[in-house]
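What follows is the content of protein-v3.csv (CSV, C-alpha atoms and all ligand atoms).
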```
chain,number,residue,atom,x,y,z
A,1,MET,CA,123.3,82.1,67.1
A,2,PRO,CA,123.6,85.1,69.4
A,3,LYS,CA,125.0,84.4,72.9
A,4,LEU,CA,122.7,86.2,75.2
A,5,ASN,CA,123.4,88.3,78.3
A,6,GLU,CA,122.3,85.5,80.7
A,7,HIS,CA,122.6,87.7,83.7
A,8,TYR,CA,119.0,88.7,82.8
A,9,GLN,CA,118.0,85.3,84.1
A,10,ASN,CA,119.2,86.5,87.5
A,11,LEU,CA,116.6,89.3,87.7
A,12,LYS,CA,113.7,88.7,90.0
A,13,GLU,CA,110.4,88.6,88.2
A,14,SER,CA,109.3,92.2,88.2
A,15,TYR,CA,105.7,91.4,89.0
A,16,LEU,CA,105.0,94.1,91.7
A,17,PHE,CA,102.8,96.5,89.8
A,18,SER,CA,101.3,93.9,87.4
A,19,GLU,CA,100.4,91.7,90.3
A,20,ILE,CA,98.8,94.6,92.1
A,21,ALA,CA,96.8,95.5,88.9
A,22,HIS,CA,95.8,91.8,88.6
A,23,ARG,CA,94.6,91.5,92.2
A,24,VAL,CA,92.7,94.8,92.0
A,25,ALA,CA,91.0,93.8,88.7
A,26,ALA,CA,90.0,90.4,90.1
A,27,TYR,CA,88.5,92.1,93.2
A,28,LYS,CA,86.7,94.7,91.0
A,29,ASP,CA,85.2,92.0,88.9
A,30,ALA,CA,83.8,90.2,91.9
A,31,HIS,CA,82.6,93.5,93.6
A,32,PRO,CA,81.7,95.9,90.8
A,33,ASP,CA,80.0,98.4,93.0
A,34,GLN,CA,82.7,98.9,95.6
A,35,LYS,CA,84.7,102.1,95.3
A,36,ILE,CA,88.4,101.4,95.3
A,37,ILE,CA,90.9,104.1,96.5
A,38,ARG,CA,94.4,103.9,95.1
A,39,LEU,CA,97.2,105.0,97.4
A,40,GLY,CA,99.7,102.7,95.8
A,41,ILE,CA,101.0,104.6,92.8
A,42,GLY,CA,104.4,106.3,92.8
A,43,ASP,CA,103.1,108.8,90.2
A,44,VAL,CA,102.1,112.4,90.7
A,45,THR,CA,98.5,113.5,89.9
A,46,LEU,CA,98.5,117.3,89.9
A,47,PRO,CA,99.1,119.0,86.5
A,48,LEU,CA,102.2,121.0,85.5
A,49,THR,CA,102.6,124.4,87.0
A,50,PRO,CA,101.7,127.6,85.0
A,51,LEU,CA,105.4,128.6,84.6
A,52,ALA,CA,106.5,125.2,83.5
A,53,LEU,CA,103.7,125.3,80.9
A,54,LYS,CA,104.8,128.8,79.8
A,55,GLY,CA,108.4,127.5,79.3
A,56,LEU,CA,107.2,124.5,77.3
A,57,HIS,CA,105.0,126.8,75.1
A,58,GLU,CA,108.0,129.0,74.4
A,59,GLY,CA,110.0,126.0,73.4
A,60,VAL,CA,107.2,124.9,71.0
A,61,ASP,CA,106.9,128.3,69.5
A,62,ALA,CA,110.7,128.5,68.9
A,63,MET,CA,110.3,125.4,66.7
A,64,ALA,CA,107.9,127.3,64.3
A,65,SER,CA,110.4,129.7,62.8
A,66,PRO,CA,113.6,129.0,60.9
A,67,ASP,CA,115.7,131.5,62.9
A,68,THR,CA,114.7,130.0,66.3
A,69,PHE,CA,114.3,126.4,65.3
A,70,LYS,CA,116.4,123.9,67.2
A,71,GLY,CA,117.7,120.6,65.8
A,72,TYR,CA,120.2,118.4,67.7
A,73,GLY,CA,121.2,120.1,70.9
A,74,PRO,CA,124.3,119.5,73.1
A,75,GLU,CA,124.2,116.0,74.5
A,76,GLN,CA,125.0,117.4,78.0
A,77,GLY,CA,122.0,119.7,77.8
A,78,TYR,CA,121.6,123.4,77.0
A,79,GLN,CA,123.7,125.8,79.0
A,80,PHE,CA,120.7,127.8,80.0
A,81,LEU,CA,119.3,124.8,81.9
A,82,ARG,CA,122.6,123.7,83.4
A,83,GLU,CA,123.0,127.2,84.8
A,84,ALA,CA,119.4,127.3,86.1
A,85,ILE,CA,120.1,124.1,88.0
A,86,ALA,CA,123.4,125.4,89.4
A,87,GLY,CA,121.4,128.6,90.5
A,88,TYR,CA,118.8,126.4,92.2
A,89,TYR,CA,121.6,124.6,94.1
A,90,ALA,CA,123.1,128.0,95.0
A,91,ARG,CA,119.8,129.2,96.5
A,92,ASN,CA,119.9,126.1,98.7
A,93,GLY,CA,123.4,127.0,99.8
A,94,VAL,CA,125.2,124.3,97.8
A,95,THR,CA,127.9,125.1,95.2
A,96,VAL,CA,127.7,123.0,92.0
A,97,ASP,CA,129.5,123.9,88.8
A,98,ALA,CA,127.1,124.2,85.8
A,99,GLY,CA,129.8,122.4,83.8
A,100,ASP,CA,129.5,119.3,86.0
A,101,ILE,CA,125.7,119.0,85.3
A,102,PHE,CA,124.4,116.6,82.6
A,103,ILE,CA,120.7,117.0,81.5
A,104,SER,CA,118.8,113.8,80.8
A,105,ASP,CA,115.3,112.4,80.3
A,106,GLY,CA,115.1,111.4,83.9
A,107,ALA,CA,116.8,109.9,86.9
A,108,LYS,CA,115.8,106.3,86.1
A,109,SER,CA,117.9,106.3,83.0
A,110,ASP,CA,120.9,107.8,84.7
A,111,THR,CA,120.8,105.7,87.9
A,112,GLY,CA,120.4,102.7,85.7
A,113,ASN,CA,123.1,103.6,83.1
A,114,ILE,CA,125.8,104.8,85.6
A,115,SER,CA,126.8,101.2,86.4
A,116,GLU,CA,128.3,101.0,82.9
A,117,LEU,CA,131.2,103.1,84.1
A,118,PHE,CA,132.3,100.6,86.7
A,119,SER,CA,133.9,97.1,86.2
A,120,GLN,CA,132.6,93.9,87.5
A,121,ASP,CA,134.9,93.5,90.5
A,122,ASN,CA,133.7,96.2,92.8
A,123,VAL,CA,132.1,95.9,96.2
A,124,ILE,CA,128.7,97.5,95.6
A,125,LEU,CA,126.5,98.5,98.5
A,126,ILE,CA,122.8,99.0,97.9
A,127,PRO,CA,120.2,99.7,100.6
A,128,ASP,CA,117.4,97.2,101.1
A,129,PRO,CA,114.5,98.2,100.8
A,130,VAL,CA,115.1,100.7,98.0
A,131,TYR,CA,114.0,101.8,94.4
A,132,PRO,CA,114.6,98.6,92.4
A,133,VAL,CA,116.5,100.2,89.5
A,134,TYR,CA,119.9,100.2,91.3
A,135,VAL,CA,119.7,96.4,92.0
A,136,ASP,CA,118.4,95.4,88.6
A,137,SER,CA,120.8,97.5,86.5
A,138,ASN,CA,123.7,95.9,88.4
A,139,ILE,CA,122.3,92.4,88.0
A,140,MET,CA,122.0,93.0,84.3
A,141,GLY,CA,125.7,93.8,84.3
A,142,GLY,CA,126.5,90.6,86.1
A,143,LYS,CA,127.7,92.4,89.3
A,144,GLN,CA,127.7,91.2,92.8
A,145,ILE,CA,125.7,93.3,95.3
A,146,THR,CA,126.1,93.7,99.0
A,147,TYR,CA,122.9,94.7,100.7
A,148,LEU,CA,122.7,97.4,103.4
A,149,PRO,CA,119.7,96.2,105.5
A,150,GLY,CA,117.3,98.9,106.5
A,151,ASN,CA,115.0,98.1,109.4
A,152,ALA,CA,113.2,99.6,112.4
A,153,GLY,CA,116.4,99.3,114.4
A,154,ASN,CA,118.3,101.8,112.1
A,155,ARG,CA,115.1,103.6,111.2
A,156,PHE,CA,115.6,102.5,107.6
A,157,LEU,CA,118.8,104.5,107.4
A,158,PRO,CA,121.7,102.0,107.1
A,159,MET,CA,125.1,103.3,108.1
A,160,PRO,CA,128.6,102.2,106.9
A,161,ASP,CA,130.4,99.4,108.7
A,162,PRO,CA,133.9,100.8,109.1
A,163,SER,CA,135.4,97.3,109.2
A,164,LEU,CA,134.2,96.5,105.7
A,165,HIS,CA,135.5,97.9,102.4
A,166,ALA,CA,133.3,99.2,99.7
A,167,ASP,CA,133.9,100.7,96.2
A,168,ILE,CA,130.5,101.9,95.2
A,169,ILE,CA,127.6,103.0,97.5
A,170,TYR,CA,124.1,103.8,96.4
A,171,LEU,CA,122.1,106.1,98.7
A,172,CYS,CA,118.6,107.4,98.3
A,173,SER,CA,117.5,110.2,100.6
A,174,PRO,CA,114.6,110.9,101.1
A,175,ASN,CA,114.2,107.2,100.4
A,176,ASN,CA,111.7,105.5,98.2
A,177,PRO,CA,109.9,103.5,99.6
A,178,THR,CA,110.6,104.3,103.3
A,179,GLY,CA,110.5,108.1,103.3
A,180,ALA,CA,113.5,108.1,105.6
A,181,VAL,CA,115.9,111.0,105.3
A,182,TYR,CA,119.6,111.0,106.3
A,183,SER,CA,120.7,113.8,108.7
A,184,ARG,CA,123.7,115.9,108.0
A,185,GLN,CA,125.7,113.9,110.6
A,186,GLN,CA,124.8,110.6,109.0
A,187,LEU,CA,125.7,111.8,105.5
A,188,THR,CA,128.9,113.2,106.8
A,189,GLU,CA,129.7,109.7,108.1
A,190,TRP,CA,129.0,108.2,104.7
A,191,VAL,CA,131.2,110.8,102.9
A,192,ASP,CA,134.0,110.3,105.4
A,193,TYR,CA,133.8,106.5,104.9
A,194,ALA,CA,133.7,106.9,101.1
A,195,LEU,CA,136.8,109.2,101.1
A,196,ARG,CA,138.7,106.8,103.4
A,197,GLU,CA,137.8,103.7,101.2
A,198,GLN,CA,138.2,105.7,98.0
A,199,ALA,CA,134.7,104.7,97.1
A,200,VAL,CA,132.1,106.6,95.0
A,201,ILE,CA,128.7,107.5,96.4
A,202,LEU,CA,125.8,107.4,93.9
A,203,PHE,CA,123.3,109.7,95.6
A,204,ASP,CA,119.7,109.8,94.4
A,205,GLY,CA,118.1,113.0,95.5
A,206,ALA,CA,114.8,112.6,93.4
A,207,TYR,CA,112.8,113.7,96.5
A,208,GLU,CA,115.0,116.6,97.8
A,209,ALA,CA,112.2,119.1,97.1
A,210,PHE,CA,110.0,117.4,99.8
A,211,ILE,CA,112.5,118.3,102.5
A,212,THR,CA,111.1,121.1,104.7
A,213,ASP,CA,113.6,121.0,107.6
A,214,PRO,CA,116.5,123.4,106.7
A,215,ASP,CA,118.8,121.2,108.8
A,216,LEU,CA,118.4,118.2,106.6
A,217,PRO,CA,120.7,118.1,103.6
A,218,ARG,CA,118.9,118.3,100.3
A,219,SER,CA,122.1,117.4,98.4
A,220,ILE,CA,125.1,115.2,99.1
A,221,TYR,CA,127.2,118.3,98.1
A,222,ALA,CA,126.0,120.0,101.3
A,223,ILE,CA,128.6,117.7,103.0
A,224,PRO,CA,132.2,118.8,102.9
A,225,GLY,CA,134.4,116.4,100.8
A,226,ALA,CA,131.4,115.1,98.7
A,227,ARG,CA,132.8,116.6,95.5
A,228,GLN,CA,135.7,114.2,95.9
A,229,CYS,CA,133.5,111.1,96.2
A,230,ALA,CA,129.9,111.6,95.0
A,231,ILE,CA,127.8,111.7,91.9
A,232,GLU,CA,124.2,113.1,92.4
A,233,PHE,CA,121.0,112.4,90.5
A,234,GLY,CA,118.1,114.8,90.4
A,235,SER,CA,114.7,114.6,88.7
A,236,LEU,CA,111.9,116.9,87.9
A,237,SER,CA,109.4,114.0,88.1
A,238,LYS,CA,108.3,114.4,91.7
A,239,THR,CA,109.5,118.0,92.1
A,240,ALA,CA,107.6,119.5,89.2
A,241,GLY,CA,105.2,116.7,88.0
A,242,PHE,CA,107.4,115.8,85.1
A,243,THR,CA,106.9,112.0,85.3
A,244,GLY,CA,105.3,112.1,81.8
A,245,THR,CA,107.2,115.2,80.5
A,246,ARG,CA,110.6,113.6,81.3
A,247,CYS,CA,113.6,115.6,82.6
A,248,GLY,CA,116.4,114.8,85.0
A,249,TYR,CA,120.0,115.7,85.7
A,250,THR,CA,123.2,114.1,87.0
A,251,VAL,CA,126.1,115.9,88.6
A,252,VAL,CA,129.5,114.3,88.0
A,253,PRO,CA,132.2,116.5,89.6
A,254,LYS,CA,135.5,116.7,87.6
A,255,GLU,CA,137.3,115.9,90.8
A,256,LEU,CA,136.3,112.3,90.5
A,257,VAL,CA,139.5,110.9,88.9
A,258,PHE,CA,140.6,107.3,89.8
A,259,PRO,CA,143.7,105.3,88.8
A,260,THR,CA,143.5,102.6,86.1
A,261,SER,CA,145.2,99.2,86.3
A,262,GLY,CA,147.7,100.3,83.7
A,263,GLY,CA,149.1,103.1,85.9
A,264,GLY,CA,147.1,105.9,84.2
A,265,GLU,CA,143.9,107.5,85.4
A,266,LEU,CA,140.3,108.0,84.2
A,267,SER,CA,137.9,110.8,85.0
A,268,LEU,CA,134.3,109.8,85.7
A,269,HIS,CA,133.1,113.1,84.3
A,270,ALA,CA,134.9,112.4,81.0
A,271,MET,CA,133.6,108.9,80.9
A,272,TRP,CA,130.0,109.9,81.5
A,273,ASN,CA,130.4,112.6,78.9
A,274,ARG,CA,131.6,110.1,76.4
A,275,ARG,CA,128.9,107.6,77.4
A,276,GLN,CA,126.1,110.2,77.0
A,277,SER,CA,127.6,111.6,73.7
A,278,THR,CA,127.7,108.1,72.3
A,279,LYS,CA,124.3,106.7,73.4
A,280,PHE,CA,122.1,109.7,74.1
A,281,ASN,CA,121.2,112.6,71.9
A,282,GLY,CA,119.9,115.0,74.5
A,283,THR,CA,116.6,115.9,76.1
A,284,SER,CA,114.2,117.8,73.8
A,285,TYR,CA,114.7,121.6,73.7
A,286,ILE,CA,111.0,122.1,74.5
A,287,VAL,CA,111.3,120.1,77.7
A,288,GLN,CA,114.5,121.9,78.7
A,289,LYS,CA,112.7,125.2,78.3
A,290,GLY,CA,110.0,124.0,80.6
A,291,ALA,CA,112.6,122.7,83.0
A,292,ALA,CA,114.5,125.9,83.1
A,293,ALA,CA,111.2,127.7,84.1
A,294,VAL,CA,110.8,125.3,86.9
A,295,PHE,CA,114.2,126.2,88.4
A,296,THR,CA,113.5,129.9,88.6
A,297,GLU,CA,112.5,131.2,92.1
A,298,GLU,CA,108.9,131.7,91.1
A,299,GLY,CA,108.8,128.4,89.2
A,300,MET,CA,110.0,126.5,92.2
A,301,ALA,CA,107.5,128.4,94.5
A,302,GLN,CA,104.7,127.0,92.3
A,303,CYS,CA,106.1,123.5,92.5
A,304,GLN,CA,106.2,123.9,96.3
A,305,ASP,CA,102.5,124.7,96.3
A,306,HIS,CA,101.9,121.3,94.8
A,307,ILE,CA,104.3,119.6,97.1
A,308,ARG,CA,102.5,121.1,100.1
A,309,TYR,CA,99.2,119.7,98.7
A,310,TYR,CA,100.7,116.2,98.7
A,311,GLN,CA,102.3,116.8,102.2
A,312,GLU,CA,98.8,117.6,103.5
A,313,ASN,CA,97.8,114.1,102.4
A,314,ALA,CA,100.9,112.6,104.0
A,315,ARG,CA,99.9,114.3,107.2
A,316,MET,CA,96.4,112.8,107.1
A,317,ILE,CA,97.9,109.3,106.6
A,318,ALA,CA,100.6,109.8,109.3
A,319,ASP,CA,98.0,111.1,111.8
A,320,THR,CA,95.8,108.0,111.3
A,321,LEU,CA,98.7,105.6,111.8
A,322,SER,CA,99.8,107.5,114.9
A,323,ARG,CA,96.3,107.3,116.4
A,324,LYS,CA,96.4,103.5,115.7
A,325,ASN,CA,99.8,103.2,117.3
A,326,ILE,CA,101.3,101.7,114.1
A,327,LEU,CA,105.0,102.1,113.7
A,328,PHE,CA,105.7,104.1,110.5
A,329,PHE,CA,108.5,106.0,108.8
A,330,GLY,CA,108.5,108.9,106.3
A,331,GLY,CA,105.4,111.0,105.6
A,332,VAL,CA,107.1,114.3,106.5
A,333,HIS,CA,109.9,115.1,104.1
A,334,SER,CA,108.6,112.6,101.6
A,335,PRO,CA,105.5,111.7,99.7
A,336,TYR,CA,105.7,108.1,101.1
A,337,ILE,CA,104.5,106.6,104.4
A,338,TRP,CA,106.1,103.2,105.2
A,339,PHE,CA,104.6,101.2,108.0
A,340,ARG,CA,104.8,97.8,109.7
A,341,CYS,CA,101.9,95.6,108.7
A,342,PRO,CA,99.7,95.0,111.7
A,343,ASP,CA,99.4,91.7,113.5
A,344,GLY,CA,102.6,90.3,112.0
A,345,MET,CA,101.1,90.1,108.6
A,346,GLU,CA,103.3,89.8,105.5
A,347,SER,CA,103.0,92.6,103.0
A,348,TRP,CA,101.0,90.7,100.3
A,349,GLU,CA,98.7,89.3,103.0
A,350,PHE,CA,98.1,92.8,104.3
A,351,PHE,CA,97.6,94.1,100.7
A,352,ASP,CA,94.7,91.6,100.3
A,353,TYR,CA,93.3,92.4,103.7
A,354,LEU,CA,93.3,96.2,103.0
A,355,LEU,CA,91.8,95.7,99.5
A,356,HIS,CA,89.1,93.3,100.6
A,357,GLN,CA,88.2,95.0,103.9
A,358,ALA,CA,88.7,98.6,103.1
A,359,GLN,CA,88.9,98.8,99.3
A,360,VAL,CA,92.2,100.7,99.7
A,361,VAL,CA,95.2,99.8,97.4
A,362,GLY,CA,98.8,100.3,98.6
A,363,THR,CA,102.1,98.8,97.7
A,364,PRO,CA,103.5,95.7,99.4
A,365,GLY,CA,107.0,96.3,100.9
A,366,ALA,CA,108.2,93.0,99.6
A,367,GLY,CA,108.4,94.7,96.1
A,368,PHE,CA,111.3,96.8,97.4
A,369,GLY,CA,113.6,94.1,98.9
A,370,GLU,CA,113.8,91.4,101.4
A,371,ASN,CA,113.6,93.8,104.3
A,372,GLY,CA,110.3,95.2,103.1
A,373,LYS,CA,108.4,91.9,103.5
A,374,ASN,CA,106.5,93.0,106.7
A,375,TYR,CA,106.0,96.6,105.6
A,376,PHE,CA,103.6,98.5,103.4
A,377,ARG,CA,103.9,101.8,101.4
A,378,LEU,CA,101.1,104.4,101.0
A,379,THR,CA,101.6,107.4,98.9
A,380,SER,CA,100.4,111.0,99.2
A,381,PHE,CA,100.0,111.5,95.5
A,382,GLY,CA,96.2,111.2,95.6
A,383,ASP,CA,93.7,114.0,96.1
A,384,HIS,CA,92.5,115.2,99.6
A,385,ASP,CA,89.0,113.8,99.4
A,386,SER,CA,90.0,110.2,98.5
A,387,THR,CA,93.0,110.3,100.9
A,388,ARG,CA,90.6,111.4,103.7
A,389,GLU,CA,88.1,108.7,102.8
A,390,ALA,CA,90.8,106.1,102.7
A,391,MET,CA,91.9,107.1,106.2
A,392,GLU,CA,88.4,106.9,107.5
A,393,ARG,CA,88.2,103.4,106.3
A,394,LEU,CA,91.6,102.6,107.8
A,395,GLU,CA,90.5,104.2,111.1
A,396,ARG,CA,87.6,101.8,111.2
A,397,LEU,CA,89.5,98.7,110.1
A,398,LEU,CA,92.8,98.8,112.1
B,1,LIG,C1,110.6,108.4,90.9
B,1,LIG,C2,112.0,108.2,91.2
B,1,LIG,C3,113.0,108.7,90.4
B,1,LIG,C4,112.7,109.5,89.2
B,1,LIG,O1,112.8,108.9,88.0
B,1,LIG,P1,112.5,109.7,86.6
B,1,LIG,O2,113.1,108.8,85.6
B,1,LIG,O3,113.3,111.0,86.7
B,1,LIG,O4,111.1,109.8,86.5
B,1,LIG,C5,114.4,108.5,90.7
B,1,LIG,N1,114.7,107.8,91.8
B,1,LIG,C6,113.8,107.4,92.7
B,1,LIG,C7,114.2,106.8,93.9
B,1,LIG,C8,112.4,107.5,92.4
B,1,LIG,O5,111.5,107.1,93.2
```
Transcribe the structure of this file into structure tokens.
Ligand SMILES: *Cc1c(COP(=O)(O)O)cnc(C)c1O
Amino acid sequence: MPKLNEHYQNLKESYLFSEIAHRVAAYKDAHPDQKIIRLGIGDVTLPLTPLALKGLHEGVDAMASPDTFKGYGPEQGYQFLREAIAGYYARNGVTVDAGDIFISDGAKSDTGNISELFSQDNVILIPDPVYPVYVDSNIMGGKQITYLPGNAGNRFLPMPDPSLHADIIYLCSPNNPTGAVYSRQQLTEWVDYALREQAVILFDGAYEAFITDPDLPRSIYAIPGARQCAIEFGSLSKTAGFTGTRCGYTVVPKELVFPTSGGGELSLHAMWNRRQSTKFNGTSYIVQKGAAAVFTEEGMAQCQDHIRYYQENARMIADTLSRKNILFFGGVHSPYIWFRCPDGMESWEFFDYLLHQAQVVGTPGAGFGENGKNYFRLTSFGDHDSTREAMERLERLL
């Protein structure tokens, strides 16, 4: 009989999106002629950009002829894409070695898999509320988590407690679900803390392309010392609409070398390389060709047009909440708007209220952690017309 990984029993039931779907379906059944507007999804809606498509087509065409056909590629990704990403970092004023970049099928896999490199006896800090993958992947590995509470008091940007030790620190900026972005000074405090504690920061920058203020860091490597203490995850999902096409990347600097209990040392770069070479056979050549086109100057300019479209929606939502004097976060350097449920409602209660009274669907904050239970997330990934109509309904309701 197999003995199972019973840590899976410690996972909270992942019922967020199925419960939302269930409640929406029940409402629809009872009110078939009501028009429901969905501002709950964390998925993009605009199609791929022309240059990304051109890159993908080139990749497909290469497969048609024996002299350009590609079989297994390097597990770390093709050099042309690793260099294109290093070039993108450089245009943003950050130095990243192309040799430190690993291409993947997305940031979810990498942020989930990275915990395999660390043993069970670490002090692991994870913000709450946050993207649930960090918590669940650590619970699957039987690891203890210390939560970093985000709240209105710290504007959902928890900071290190210098009197407490940590070994591993997850940070997500701009944050999903709160849209909060760490300033340069705040990230400097985190990097200084990590260096002092000899900890590793696992920095998820999936939304970096939404940052418009040049003073806000778009990479942890914009902070001096970060190469000595940080791994960074990137994704084309929200930047370039690749949620279905699938491509991400992870930067593991070769400087990240730590002592072993036996008196030797291990490099996180070498460990990740070994892990990926063993369990991953690379992202498809076709997708990597599309991704490389995204990281050109013109390719990124096309993505920025799409991001501006979403940001216009975010502005509509933020304006409505401002007029209604509702406390909210995000909505500027992020596709997400995170606000306190009115009248002290809990997030599921407000979900039902909004669905029944305004036929607008959002995401209850409780799905992102204990500290989200009185908050609500709306996303800007819809189209202008439905976002505008949703805001007119909110304007009347709230
Ligand atoms: C959407 C998202 C990602 C991207 O995941 P992919 O697997 O690349 O699609 C990563 N981190 C956060 C916080 C996200 O919200």
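With distances restricted to all atoms listed in the file, A:Gly42 is the closest residue to ligand LIG 1 (chain B) from A:Pro74, A:Pro217, A:Gly42, A:Pro2.
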Do you know which residues are within 9 Å of ligand LIG 1 (chain B) using only C-alpha atoms and all ligand atoms? Can you write them as a ChimeraX atom specification? /A:42-43,104-111,130-133,172-177,204-207,233-238,242-249
What's around Trp338 of chain A at 10 Å? Count only C-alpha atoms, leave out sequence neighbours fewer than 2 positions away in its own chain, and write the answer as a list in words. Phe156, Asn176, Pro177, Thr178, Gly179, Ala180, Ala318, Leu327, Phe328, Phe329, Gly330, Gly331, Tyr336, Arg340, Cys341, Thr363, Pro364, Gly365, Gly372, Tyr375, Phe376, Arg377, Leu378 and Thr379 of chain A
Considering all atoms listed in the file, state which residue in the set A:Lys279, A:His333, A:His356, A:Lys289 is at the smallest distance from Leu53 of chain A.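 Smallest separation from Leu53 of chain A among the options: A:Lys289.
Distances to Met300 of chain A were evaluated for A:Val60, A:Leu187, A:Ile337, A:Ala209 using only C-alpha atoms, and the minimum falls at A:Ala209.
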